[in-house]
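This is structure_2.txt (compact mmCIF, N, CA and C atoms).
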# COMPACT_ATOMS: atom_id res chain seq x y z
N MET A 1 -21.39 -22.32 -10.59
CA MET A 1 -20.93 -23.70 -10.69
C MET A 1 -21.21 -24.39 -9.36
N THR A 2 -21.65 -25.61 -9.43
CA THR A 2 -21.89 -26.34 -8.20
C THR A 2 -20.56 -26.74 -7.57
N LEU A 3 -20.60 -27.01 -6.28
CA LEU A 3 -19.39 -27.45 -5.59
C LEU A 3 -18.90 -28.77 -6.17
N ALA A 4 -19.81 -29.69 -6.47
CA ALA A 4 -19.43 -30.99 -7.02
C ALA A 4 -18.70 -30.81 -8.35
N GLU A 5 -19.19 -29.92 -9.21
CA GLU A 5 -18.52 -29.67 -10.49
C GLU A 5 -17.13 -29.08 -10.28
N ALA A 6 -17.01 -28.15 -9.34
CA ALA A 6 -15.71 -27.55 -9.06
C ALA A 6 -14.74 -28.56 -8.47
N MET A 7 -15.24 -29.43 -7.58
CA MET A 7 -14.38 -30.46 -6.99
C MET A 7 -13.89 -31.44 -8.06
N ALA A 8 -14.73 -31.73 -9.05
CA ALA A 8 -14.32 -32.61 -10.14
C ALA A 8 -13.23 -31.95 -10.98
N ARG A 9 -13.32 -30.64 -11.13
CA ARG A 9 -12.33 -29.90 -11.91
C ARG A 9 -11.02 -29.74 -11.14
N TYR A 10 -11.11 -29.67 -9.81
CA TYR A 10 -9.94 -29.48 -8.94
C TYR A 10 -9.88 -30.59 -7.89
N PRO A 11 -9.49 -31.79 -8.30
CA PRO A 11 -9.41 -32.90 -7.35
C PRO A 11 -8.46 -32.57 -6.19
N GLY A 12 -8.87 -32.90 -5.01
CA GLY A 12 -8.06 -32.65 -3.83
C GLY A 12 -8.27 -31.27 -3.22
N ALA A 13 -9.02 -30.42 -3.90
CA ALA A 13 -9.29 -29.09 -3.35
C ALA A 13 -10.21 -29.20 -2.14
N ARG A 14 -10.02 -28.28 -1.22
CA ARG A 14 -10.92 -28.17 -0.07
C ARG A 14 -11.83 -26.98 -0.34
N SER A 15 -12.98 -26.95 0.31
CA SER A 15 -13.88 -25.83 0.13
C SER A 15 -14.01 -25.05 1.44
N PHE A 16 -14.32 -23.77 1.31
CA PHE A 16 -14.43 -22.91 2.49
C PHE A 16 -15.23 -21.66 2.13
N THR A 17 -15.69 -20.97 3.15
CA THR A 17 -16.24 -19.63 2.98
C THR A 17 -15.29 -18.67 3.67
N PHE A 18 -15.19 -17.47 3.13
CA PHE A 18 -14.30 -16.49 3.73
C PHE A 18 -14.79 -16.04 5.09
N ALA A 19 -16.12 -15.96 5.28
CA ALA A 19 -16.64 -15.46 6.56
C ALA A 19 -18.14 -15.70 6.65
N GLU A 20 -18.64 -15.56 7.83
CA GLU A 20 -20.08 -15.53 8.11
C GLU A 20 -20.34 -14.17 8.73
N PRO A 21 -21.45 -13.56 8.53
CA PRO A 21 -22.64 -13.98 7.80
C PRO A 21 -22.47 -13.85 6.29
N ALA A 22 -23.53 -14.19 5.57
CA ALA A 22 -23.50 -14.22 4.10
C ALA A 22 -23.09 -12.88 3.50
N GLU A 23 -23.55 -11.78 4.08
CA GLU A 23 -23.22 -10.46 3.54
C GLU A 23 -21.73 -10.19 3.61
N LEU A 24 -21.09 -10.59 4.71
CA LEU A 24 -19.65 -10.40 4.85
C LEU A 24 -18.91 -11.29 3.86
N ASN A 25 -19.35 -12.52 3.70
CA ASN A 25 -18.72 -13.41 2.74
C ASN A 25 -18.80 -12.82 1.33
N ALA A 26 -19.96 -12.29 0.96
CA ALA A 26 -20.13 -11.69 -0.37
C ALA A 26 -19.20 -10.49 -0.54
N ARG A 27 -19.06 -9.68 0.50
CA ARG A 27 -18.17 -8.52 0.43
C ARG A 27 -16.72 -8.96 0.23
N LEU A 28 -16.31 -10.01 0.95
CA LEU A 28 -14.93 -10.48 0.83
C LEU A 28 -14.68 -11.11 -0.54
N LEU A 29 -15.65 -11.85 -1.06
CA LEU A 29 -15.50 -12.40 -2.41
C LEU A 29 -15.35 -11.28 -3.44
N ALA A 30 -16.12 -10.21 -3.27
CA ALA A 30 -16.01 -9.07 -4.19
C ALA A 30 -14.62 -8.44 -4.12
N LEU A 31 -14.05 -8.36 -2.92
CA LEU A 31 -12.70 -7.82 -2.77
C LEU A 31 -11.66 -8.72 -3.45
N VAL A 32 -11.84 -10.03 -3.33
CA VAL A 32 -10.94 -10.96 -4.02
C VAL A 32 -11.06 -10.76 -5.53
N ARG A 33 -12.28 -10.70 -6.01
CA ARG A 33 -12.50 -10.55 -7.45
C ARG A 33 -11.94 -9.24 -7.99
N SER A 34 -11.95 -8.21 -7.17
CA SER A 34 -11.42 -6.91 -7.61
C SER A 34 -9.90 -6.87 -7.58
N GLY A 35 -9.28 -7.85 -6.93
CA GLY A 35 -7.82 -7.88 -6.80
C GLY A 35 -7.30 -7.21 -5.55
N ARG A 36 -8.18 -6.60 -4.77
CA ARG A 36 -7.74 -5.93 -3.53
C ARG A 36 -7.39 -6.92 -2.44
N LYS A 37 -8.14 -7.99 -2.32
CA LYS A 37 -7.90 -8.99 -1.26
C LYS A 37 -7.03 -10.09 -1.83
N ARG A 38 -5.79 -10.18 -1.28
CA ARG A 38 -4.82 -11.17 -1.72
C ARG A 38 -4.32 -12.02 -0.57
N ALA A 39 -4.99 -11.88 0.59
CA ALA A 39 -4.59 -12.64 1.77
C ALA A 39 -5.80 -12.82 2.68
N THR A 40 -5.66 -13.77 3.60
CA THR A 40 -6.69 -14.01 4.59
C THR A 40 -6.02 -14.61 5.82
N CYS A 41 -6.76 -14.68 6.91
CA CYS A 41 -6.19 -15.29 8.11
C CYS A 41 -7.26 -16.06 8.86
N MET A 42 -6.79 -16.95 9.71
CA MET A 42 -7.68 -17.73 10.57
C MET A 42 -6.96 -18.01 11.87
N PRO A 43 -7.72 -18.18 12.96
CA PRO A 43 -7.08 -18.53 14.23
C PRO A 43 -6.47 -19.93 14.17
N VAL A 44 -5.30 -20.09 14.73
CA VAL A 44 -4.68 -21.41 14.84
C VAL A 44 -5.62 -22.35 15.59
N ALA A 45 -6.39 -21.81 16.54
CA ALA A 45 -7.32 -22.62 17.33
C ALA A 45 -8.34 -23.34 16.44
N ASP A 46 -8.61 -22.81 15.25
CA ASP A 46 -9.56 -23.46 14.35
C ASP A 46 -9.07 -24.83 13.89
N LEU A 47 -7.77 -25.06 13.93
CA LEU A 47 -7.23 -26.36 13.54
C LEU A 47 -7.75 -27.46 14.46
N ALA A 48 -7.90 -27.14 15.74
CA ALA A 48 -8.41 -28.11 16.71
C ALA A 48 -9.89 -28.42 16.49
N MET A 49 -10.57 -27.54 15.75
CA MET A 49 -11.99 -27.75 15.46
C MET A 49 -12.20 -28.37 14.08
N GLY A 50 -11.12 -28.88 13.49
CA GLY A 50 -11.24 -29.61 12.23
C GLY A 50 -10.91 -28.83 10.98
N GLU A 51 -10.60 -27.54 11.12
CA GLU A 51 -10.19 -26.77 9.93
C GLU A 51 -8.83 -27.27 9.46
N ALA A 52 -8.65 -27.29 8.16
CA ALA A 52 -7.38 -27.72 7.59
C ALA A 52 -6.42 -26.54 7.50
N GLU A 53 -5.17 -26.80 7.80
CA GLU A 53 -4.15 -25.76 7.69
C GLU A 53 -3.83 -25.53 6.22
N PRO A 54 -3.77 -24.27 5.78
CA PRO A 54 -3.41 -24.02 4.38
C PRO A 54 -1.97 -24.45 4.10
N LEU A 55 -1.76 -24.96 2.91
CA LEU A 55 -0.44 -25.41 2.48
C LEU A 55 -0.06 -24.69 1.20
N VAL A 56 1.19 -24.27 1.11
CA VAL A 56 1.66 -23.61 -0.10
C VAL A 56 1.45 -24.54 -1.28
N GLY A 57 0.85 -24.00 -2.34
CA GLY A 57 0.55 -24.77 -3.54
C GLY A 57 -0.83 -25.40 -3.55
N GLN A 58 -1.48 -25.45 -2.39
CA GLN A 58 -2.84 -26.01 -2.29
C GLN A 58 -3.82 -25.11 -3.04
N ARG A 59 -4.74 -25.73 -3.74
CA ARG A 59 -5.82 -25.00 -4.39
C ARG A 59 -7.11 -25.31 -3.65
N ASP A 60 -7.85 -24.26 -3.31
CA ASP A 60 -9.08 -24.40 -2.56
C ASP A 60 -10.21 -23.65 -3.24
N ILE A 61 -11.42 -24.10 -2.99
CA ILE A 61 -12.61 -23.53 -3.60
C ILE A 61 -13.34 -22.66 -2.58
N ALA A 62 -13.40 -21.38 -2.88
CA ALA A 62 -14.15 -20.44 -2.03
C ALA A 62 -15.61 -20.51 -2.46
N LEU A 63 -16.49 -20.55 -1.47
CA LEU A 63 -17.91 -20.73 -1.73
C LEU A 63 -18.72 -19.46 -1.58
N GLU A 64 -19.77 -19.37 -2.36
CA GLU A 64 -20.81 -18.38 -2.15
C GLU A 64 -21.58 -18.81 -0.89
N ALA A 65 -22.37 -17.92 -0.33
CA ALA A 65 -23.14 -18.25 0.88
C ALA A 65 -24.10 -19.41 0.65
N ASN A 66 -24.57 -19.59 -0.59
CA ASN A 66 -25.51 -20.67 -0.89
C ASN A 66 -24.83 -22.02 -1.12
N GLY A 67 -23.50 -22.06 -1.02
CA GLY A 67 -22.77 -23.31 -1.18
C GLY A 67 -22.22 -23.55 -2.57
N ASP A 68 -22.58 -22.70 -3.54
CA ASP A 68 -22.02 -22.82 -4.89
C ASP A 68 -20.56 -22.39 -4.89
N ALA A 69 -19.80 -22.93 -5.82
CA ALA A 69 -18.39 -22.55 -5.97
C ALA A 69 -18.30 -21.15 -6.55
N ALA A 70 -17.53 -20.30 -5.91
CA ALA A 70 -17.35 -18.92 -6.37
C ALA A 70 -16.06 -18.78 -7.17
N LEU A 71 -14.97 -19.25 -6.58
CA LEU A 71 -13.67 -19.13 -7.22
C LEU A 71 -12.69 -20.10 -6.60
N VAL A 72 -11.56 -20.27 -7.27
CA VAL A 72 -10.49 -21.15 -6.78
C VAL A 72 -9.28 -20.28 -6.49
N ILE A 73 -8.70 -20.50 -5.32
CA ILE A 73 -7.47 -19.79 -4.96
C ILE A 73 -6.34 -20.80 -4.79
N GLU A 74 -5.12 -20.31 -4.96
CA GLU A 74 -3.93 -21.10 -4.71
C GLU A 74 -3.11 -20.41 -3.63
N THR A 75 -2.74 -21.15 -2.61
CA THR A 75 -1.96 -20.59 -1.51
C THR A 75 -0.52 -20.36 -1.96
N LEU A 76 -0.04 -19.12 -1.75
CA LEU A 76 1.31 -18.74 -2.14
C LEU A 76 2.28 -18.73 -0.97
N ALA A 77 1.79 -18.37 0.23
CA ALA A 77 2.64 -18.30 1.42
C ALA A 77 1.77 -18.45 2.65
N VAL A 78 2.34 -19.03 3.68
CA VAL A 78 1.65 -19.22 4.96
C VAL A 78 2.62 -18.85 6.08
N VAL A 79 2.13 -18.06 7.03
CA VAL A 79 2.95 -17.70 8.18
C VAL A 79 2.06 -17.66 9.42
N ARG A 80 2.62 -18.05 10.54
CA ARG A 80 1.92 -17.93 11.82
C ARG A 80 2.38 -16.64 12.49
N VAL A 81 1.41 -15.90 13.00
CA VAL A 81 1.71 -14.61 13.62
C VAL A 81 0.66 -14.33 14.69
N ARG A 82 1.08 -13.70 15.77
CA ARG A 82 0.11 -13.29 16.79
C ARG A 82 -0.72 -12.13 16.27
N PHE A 83 -1.96 -12.04 16.74
CA PHE A 83 -2.86 -10.96 16.33
C PHE A 83 -2.19 -9.60 16.53
N ASP A 84 -1.58 -9.40 17.69
CA ASP A 84 -0.98 -8.10 18.00
C ASP A 84 0.35 -7.86 17.30
N GLU A 85 0.81 -8.82 16.48
CA GLU A 85 2.05 -8.66 15.73
C GLU A 85 1.81 -8.58 14.22
N VAL A 86 0.54 -8.59 13.80
CA VAL A 86 0.23 -8.41 12.38
C VAL A 86 0.70 -7.02 11.98
N THR A 87 1.42 -6.93 10.88
CA THR A 87 1.94 -5.64 10.42
C THR A 87 0.91 -4.96 9.52
N GLU A 88 1.11 -3.67 9.31
CA GLU A 88 0.22 -2.94 8.41
C GLU A 88 0.29 -3.51 7.00
N GLU A 89 1.49 -3.87 6.56
CA GLU A 89 1.65 -4.43 5.22
C GLU A 89 0.83 -5.72 5.09
N MET A 90 0.84 -6.56 6.10
CA MET A 90 0.04 -7.79 6.08
C MET A 90 -1.44 -7.45 6.04
N ALA A 91 -1.85 -6.55 6.93
CA ALA A 91 -3.26 -6.16 7.01
C ALA A 91 -3.76 -5.61 5.69
N LEU A 92 -2.95 -4.81 5.02
CA LEU A 92 -3.37 -4.21 3.75
C LEU A 92 -3.52 -5.26 2.65
N ARG A 93 -2.75 -6.35 2.70
CA ARG A 93 -2.91 -7.43 1.71
C ARG A 93 -4.27 -8.10 1.84
N GLU A 94 -4.88 -8.01 3.03
CA GLU A 94 -6.23 -8.57 3.17
C GLU A 94 -7.26 -7.72 2.43
N GLY A 95 -6.94 -6.47 2.14
CA GLY A 95 -7.77 -5.65 1.28
C GLY A 95 -9.06 -5.15 1.89
N GLU A 96 -9.26 -5.35 3.17
CA GLU A 96 -10.53 -5.01 3.79
C GLU A 96 -10.54 -3.63 4.45
N ASN A 97 -9.37 -3.10 4.74
CA ASN A 97 -9.27 -1.86 5.50
C ASN A 97 -8.20 -0.94 4.91
N ALA A 98 -8.27 0.32 5.28
CA ALA A 98 -7.33 1.32 4.78
C ALA A 98 -6.04 1.37 5.60
N ASP A 99 -6.08 0.79 6.81
CA ASP A 99 -4.90 0.82 7.66
C ASP A 99 -4.96 -0.30 8.70
N LEU A 100 -3.87 -0.45 9.45
CA LEU A 100 -3.77 -1.50 10.46
C LEU A 100 -4.80 -1.32 11.56
N ALA A 101 -5.06 -0.09 11.98
CA ALA A 101 -6.04 0.15 13.06
C ALA A 101 -7.42 -0.37 12.65
N GLY A 102 -7.82 -0.11 11.41
CA GLY A 102 -9.10 -0.60 10.93
C GLY A 102 -9.14 -2.11 10.86
N TRP A 103 -8.03 -2.71 10.38
CA TRP A 103 -7.94 -4.17 10.33
C TRP A 103 -8.09 -4.76 11.72
N ARG A 104 -7.37 -4.20 12.69
CA ARG A 104 -7.45 -4.72 14.07
C ARG A 104 -8.86 -4.61 14.63
N ALA A 105 -9.50 -3.46 14.43
CA ALA A 105 -10.86 -3.26 14.95
C ALA A 105 -11.83 -4.26 14.32
N ASP A 106 -11.79 -4.38 13.01
CA ASP A 106 -12.72 -5.29 12.33
C ASP A 106 -12.47 -6.75 12.69
N HIS A 107 -11.20 -7.16 12.74
CA HIS A 107 -10.90 -8.54 13.06
C HIS A 107 -11.16 -8.85 14.53
N GLN A 108 -10.93 -7.89 15.41
CA GLN A 108 -11.27 -8.11 16.81
C GLN A 108 -12.78 -8.33 16.94
N TRP A 109 -13.58 -7.50 16.27
CA TRP A 109 -15.03 -7.66 16.31
C TRP A 109 -15.42 -9.05 15.81
N TYR A 110 -14.83 -9.46 14.68
CA TYR A 110 -15.18 -10.75 14.09
C TYR A 110 -14.81 -11.90 15.03
N PHE A 111 -13.60 -11.87 15.56
CA PHE A 111 -13.16 -12.96 16.44
C PHE A 111 -13.90 -12.94 17.78
N GLU A 112 -14.22 -11.77 18.30
CA GLU A 112 -15.03 -11.70 19.52
C GLU A 112 -16.40 -12.30 19.29
N ARG A 113 -17.00 -12.01 18.14
CA ARG A 113 -18.31 -12.55 17.79
C ARG A 113 -18.29 -14.07 17.78
N ARG A 114 -17.15 -14.64 17.38
CA ARG A 114 -16.98 -16.09 17.36
C ARG A 114 -16.53 -16.65 18.71
N GLY A 115 -16.21 -15.74 19.65
CA GLY A 115 -15.77 -16.17 20.97
C GLY A 115 -14.34 -16.64 21.02
N THR A 116 -13.50 -16.18 20.08
CA THR A 116 -12.12 -16.67 20.02
C THR A 116 -11.08 -15.58 20.17
N PHE A 117 -11.47 -14.33 20.45
CA PHE A 117 -10.50 -13.25 20.43
C PHE A 117 -9.60 -13.19 21.65
N SER A 118 -8.33 -12.94 21.38
CA SER A 118 -7.32 -12.56 22.37
C SER A 118 -6.29 -11.74 21.61
N PRO A 119 -5.77 -10.66 22.21
CA PRO A 119 -4.75 -9.88 21.50
C PRO A 119 -3.50 -10.70 21.16
N THR A 120 -3.29 -11.79 21.91
CA THR A 120 -2.11 -12.62 21.67
C THR A 120 -2.45 -13.92 20.94
N MET A 121 -3.68 -14.01 20.44
CA MET A 121 -4.06 -15.24 19.73
C MET A 121 -3.16 -15.42 18.51
N GLU A 122 -2.86 -16.68 18.22
CA GLU A 122 -2.02 -16.98 17.07
C GLU A 122 -2.91 -17.15 15.84
N LEU A 123 -2.49 -16.52 14.75
CA LEU A 123 -3.21 -16.60 13.49
C LEU A 123 -2.38 -17.32 12.45
N ILE A 124 -3.06 -17.92 11.50
CA ILE A 124 -2.41 -18.42 10.29
C ILE A 124 -2.75 -17.42 9.21
N PHE A 125 -1.74 -16.76 8.71
CA PHE A 125 -1.90 -15.72 7.70
C PHE A 125 -1.51 -16.31 6.36
N GLU A 126 -2.41 -16.24 5.39
CA GLU A 126 -2.23 -16.90 4.10
C GLU A 126 -2.31 -15.91 2.95
N ASP A 127 -1.29 -15.90 2.11
CA ASP A 127 -1.31 -15.14 0.86
C ASP A 127 -1.76 -16.08 -0.24
N PHE A 128 -2.56 -15.56 -1.17
CA PHE A 128 -3.08 -16.41 -2.24
C PHE A 128 -3.22 -15.64 -3.54
N ARG A 129 -3.48 -16.39 -4.60
CA ARG A 129 -3.81 -15.80 -5.90
C ARG A 129 -5.07 -16.51 -6.40
N VAL A 130 -5.83 -15.83 -7.24
CA VAL A 130 -7.02 -16.43 -7.85
C VAL A 130 -6.58 -17.25 -9.05
N VAL A 131 -7.02 -18.50 -9.08
CA VAL A 131 -6.74 -19.40 -10.19
C VAL A 131 -7.88 -19.34 -11.20
N GLU A 132 -9.11 -19.36 -10.68
CA GLU A 132 -10.28 -19.33 -11.56
C GLU A 132 -11.44 -18.68 -10.82
N ASP A 133 -12.14 -17.82 -11.51
CA ASP A 133 -13.35 -17.17 -10.99
C ASP A 133 -14.52 -17.70 -11.80
N PHE A 134 -15.36 -18.49 -11.19
CA PHE A 134 -16.47 -19.11 -11.91
C PHE A 134 -17.48 -18.09 -12.39
N ALA A 135 -17.65 -17.01 -11.67
CA ALA A 135 -18.59 -15.95 -12.10
C ALA A 135 -18.13 -15.29 -13.38
N ALA A 136 -16.83 -15.20 -13.58
CA ALA A 136 -16.29 -14.55 -14.79
C ALA A 136 -16.61 -15.35 -16.05
N LYS A 137 -16.90 -16.65 -15.85
CA LYS A 137 -17.20 -17.51 -16.99
C LYS A 137 -18.68 -17.89 -17.02
N GLY A 138 -19.47 -17.20 -16.20
CA GLY A 138 -20.89 -17.49 -16.19
C GLY A 138 -21.25 -18.67 -15.31
N GLY A 139 -20.30 -19.04 -14.39
CA GLY A 139 -20.57 -20.09 -13.42
C GLY A 139 -20.62 -21.43 -14.02
Represent the structure contained in this file as structure tokens.
Amino acid sequence: MTLAEAMARYPGARSFTFAEPAELNARLLALVRSGRKRATCMPVADLAMGEAEPLVGQRDIALEANGDAALVIETLAVVRVRFDEVTEEMALREGENADLAGWRADHQWYFERRGTFSPTMELIFEDFRVVEDFAAKGG
């Protein structure tokens, strides 16, 4: 489904990609589709760069790397937490790792690559549910 078609179906929705590069974004979308990934996080510092803060009840369109709409999520909960205070239970809801140590290593690598890592950096941690998966309906 094109982004324009998805935006028409979900007025007021914002669009985003889970991550860069494209391969990582595809892996994260697959985890969401499998039901393993039920949460995500972003640095609070991204708000100063124009990123919108997630709001409970907000529906957003996750994009494929090519810009097409992949799926729609609804934010269920939002909490601010320091990187070094993320719990194992929180990390496991992200569905990307088997334990907190793996989550910390992978997220440190990702944030360092973006030039934003600090062990005390503040994150916005968001729990969500899938509202619609466009691939499940043939896009």
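Minimum distance to Ala77 (chain A) across A:Phe125, A:Met90, A:Leu100, A:Pro119 (counting only N, CA and C atoms) occurs at A:Phe125.
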Exercise. Identify which of the residues A:Arg93, A:Glu88, A:Ser118, A:Asp60 lies closest to Tyr10 (chain A), counting all atoms listed in the file when measuring atom-to-atom distances.
Key: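 Looking only at the distances to Tyr10 (chain A), the closest residue turns out to be A:Asp60.
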Quiz prompt | Atomic separation - CA of Glu74 (chain A) relative to CA of Phe128 (chain A), Å | solution = 5.4 Å
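Using only C-alpha atoms, the smallest distance between any of A:Glu96, A:Glu85, A:Asp133, A:Asp127 and Val56 (chain A) comes from A:Asp127.
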Quiz item: atom C of Glu64 (chain A) and atom C of Leu3 (chain A) are how many Å apart?
Solution: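 Pair atom C of Glu64 (chain A) / atom C of Leu3 (chain A) returns 11.6 Å.
CA of Asp46 (chain A) to CA of Ala135 (chain A) spans 28.9 Å [interatomic distance, one decimal].
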Quiz item: Smallest atom-to-atom distance to Ala39 (chain A): which of A:Tyr110, A:Met1, A:Thr75, A:Arg104, using only C-alpha atoms?
Solution: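 Selected residue with least distance to Ala39 (chain A): A:Thr75.
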Practice problem: Step one, run DSSP on the backbone; step two, keep only residues of chain A assigned to alpha helix (DSSP H); then write them as a PyMOL selection string. | Solution: chain A and resi 3-9+22-34+88-93+100-114
Rows by chain and residue number, region 59-109 of chain A within 7 Å of region 16-36 of chain A, shortest pair, only C-alpha atoms, as a Markdown table:
| residue | atom | partner | partner_atom | distance |
| --- | --- | --- | --- | --- |
| A:Ile61 | CA | A:Phe16 | CA | 6.4 |
| A:Ala62 | CA | A:Phe16 | CA | 5.2 |
| A:Leu63 | CA | A:Thr17 | CA | 5.1 |
| A:Glu64 | CA | A:Ala26 | CA | 7.0 |
| A:Ala65 | CA | A:Ala22 | CA | 5.2 |
| A:Gly95 | CA | A:Arg36 | CA | 4.8 |
Keeping N, CA and C atoms for every residue in the selection just given, could you write it to a file as a PDB file, in the coordinates of the input?
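What follows is the written file result.pdb:
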ATOM      1  N   ILE A  61     -11.420 -24.100  -2.990  1.00  0.00           N
ATOM      2  CA  ILE A  61     -12.610 -23.530  -3.600  1.00  0.00           C
ATOM      3  C   ILE A  61     -13.340 -22.660  -2.580  1.00  0.00           C
ATOM      4  N   ALA A  62     -13.400 -21.380  -2.880  1.00  0.00           N
ATOM      5  CA  ALA A  62     -14.150 -20.440  -2.030  1.00  0.00           C
ATOM      6  C   ALA A  62     -15.610 -20.510  -2.460  1.00  0.00           C
ATOM      7  N   LEU A  63     -16.490 -20.550  -1.470  1.00  0.00           N
ATOM      8  CA  LEU A  63     -17.910 -20.730  -1.730  1.00  0.00           C
ATOM      9  C   LEU A  63     -18.720 -19.460  -1.580  1.00  0.00           C
ATOM     10  N   GLU A  64     -19.770 -19.370  -2.360  1.00  0.00           N
ATOM     11  CA  GLU A  64     -20.810 -18.380  -2.150  1.00  0.00           C
ATOM     12  C   GLU A  64     -21.580 -18.810  -0.890  1.00  0.00           C
ATOM     13  N   ALA A  65     -22.370 -17.920  -0.330  1.00  0.00           N
ATOM     14  CA  ALA A  65     -23.140 -18.250   0.880  1.00  0.00           C
ATOM     15  C   ALA A  65     -24.100 -19.410   0.650  1.00  0.00           C
ATOM     16  N   GLY A  95      -6.940  -6.470   2.140  1.00  0.00           N
ATOM     17  CA  GLY A  95      -7.770  -5.650   1.280  1.00  0.00           C
ATOM     18  C   GLY A  95      -9.060  -5.150   1.890  1.00  0.00           C
TER      19      GLY A  95
END
Practice problem: Would you please work out which residue, of A:Ala13, A:Ala136, A:Ala8, A:Val131, is nearest to Ile73 (chain A) when using only C-alpha atoms? | Solution: A:Val131
Self-check item: Protein/DNA/RNA residues near (-11.3, -11.8, 17.4), cut 12 Å, only C-alpha atoms, as number ranges by chain
Solution: A: 41-45, 82-84, 103-123
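If all atoms listed in the file are the atoms counted, then among A:Gln58, A:Ala101, A:Ala69, A:Ala91 the closest residue to Gly12 (chain A) is A:Gln58.
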Exercise. Among the residues of region 73-137 of chain A, find those DSSP assigns to strand (DSSP E or B) from the backbone and print them as a ChimeraX atom specification.
Key: /A:73-82,122-133
Those residues with N, CA and C atoms, as a CSV table (one decimal), in the coordinates of the input please?
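Wrote it out as out-v1.csv, contents follow:
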chain,number,residue,atom,x,y,z
A,73,ILE,N,-8.7,-20.5,-5.3
A,73,ILE,CA,-7.5,-19.8,-5.0
A,73,ILE,C,-6.3,-20.8,-4.8
A,74,GLU,N,-5.1,-20.3,-5.0
A,74,GLU,CA,-3.9,-21.1,-4.7
A,74,GLU,C,-3.1,-20.4,-3.6
A,75,THR,N,-2.7,-21.2,-2.6
A,75,THR,CA,-2.0,-20.6,-1.5
A,75,THR,C,-0.5,-20.4,-2.0
A,76,LEU,N,0.0,-19.1,-1.8
A,76,LEU,CA,1.3,-18.7,-2.1
A,76,LEU,C,2.3,-18.7,-1.0
A,77,ALA,N,1.8,-18.4,0.2
A,77,ALA,CA,2.6,-18.3,1.4
A,77,ALA,C,1.8,-18.4,2.6
A,78,VAL,N,2.3,-19.0,3.7
A,78,VAL,CA,1.6,-19.2,5.0
A,78,VAL,C,2.6,-18.8,6.1
A,79,VAL,N,2.1,-18.1,7.0
A,79,VAL,CA,3.0,-17.7,8.2
A,79,VAL,C,2.1,-17.7,9.4
A,80,ARG,N,2.6,-18.0,10.5
A,80,ARG,CA,1.9,-17.9,11.8
A,80,ARG,C,2.4,-16.6,12.5
A,81,VAL,N,1.4,-15.9,13.0
A,81,VAL,CA,1.7,-14.6,13.6
A,81,VAL,C,0.7,-14.3,14.7
A,82,ARG,N,1.1,-13.7,15.8
A,82,ARG,CA,0.1,-13.3,16.8
A,82,ARG,C,-0.7,-12.1,16.3
A,122,GLU,N,-2.9,-16.7,18.2
A,122,GLU,CA,-2.0,-17.0,17.1
A,122,GLU,C,-2.9,-17.2,15.8
A,123,LEU,N,-2.5,-16.5,14.8
A,123,LEU,CA,-3.2,-16.6,13.5
A,123,LEU,C,-2.4,-17.3,12.4
A,124,ILE,N,-3.1,-17.9,11.5
A,124,ILE,CA,-2.4,-18.4,10.3
A,124,ILE,C,-2.8,-17.4,9.2
A,125,PHE,N,-1.7,-16.8,8.7
A,125,PHE,CA,-1.9,-15.7,7.7
A,125,PHE,C,-1.5,-16.3,6.4
A,126,GLU,N,-2.4,-16.2,5.4
A,126,GLU,CA,-2.2,-16.9,4.1
A,126,GLU,C,-2.3,-15.9,3.0
A,127,ASP,N,-1.3,-15.9,2.1
A,127,ASP,CA,-1.3,-15.1,0.9
A,127,ASP,C,-1.8,-16.1,-0.2
A,128,PHE,N,-2.6,-15.6,-1.2
A,128,PHE,CA,-3.1,-16.4,-2.2
A,128,PHE,C,-3.2,-15.6,-3.5
A,129,ARG,N,-3.5,-16.4,-4.6
A,129,ARG,CA,-3.8,-15.8,-5.9
A,129,ARG,C,-5.1,-16.5,-6.4
A,130,VAL,N,-5.8,-15.8,-7.2
A,130,VAL,CA,-7.0,-16.4,-7.8
A,130,VAL,C,-6.6,-17.2,-9.0
A,131,VAL,N,-7.0,-18.5,-9.1
A,131,VAL,CA,-6.7,-19.4,-10.2
A,131,VAL,C,-7.9,-19.3,-11.2
A,132,GLU,N,-9.1,-19.4,-10.7
A,132,GLU,CA,-10.3,-19.3,-11.6
A,132,GLU,C,-11.4,-18.7,-10.8
A,133,ASP,N,-12.1,-17.8,-11.5
A,133,ASP,CA,-13.4,-17.2,-11.0
A,133,ASP,C,-14.5,-17.7,-11.8
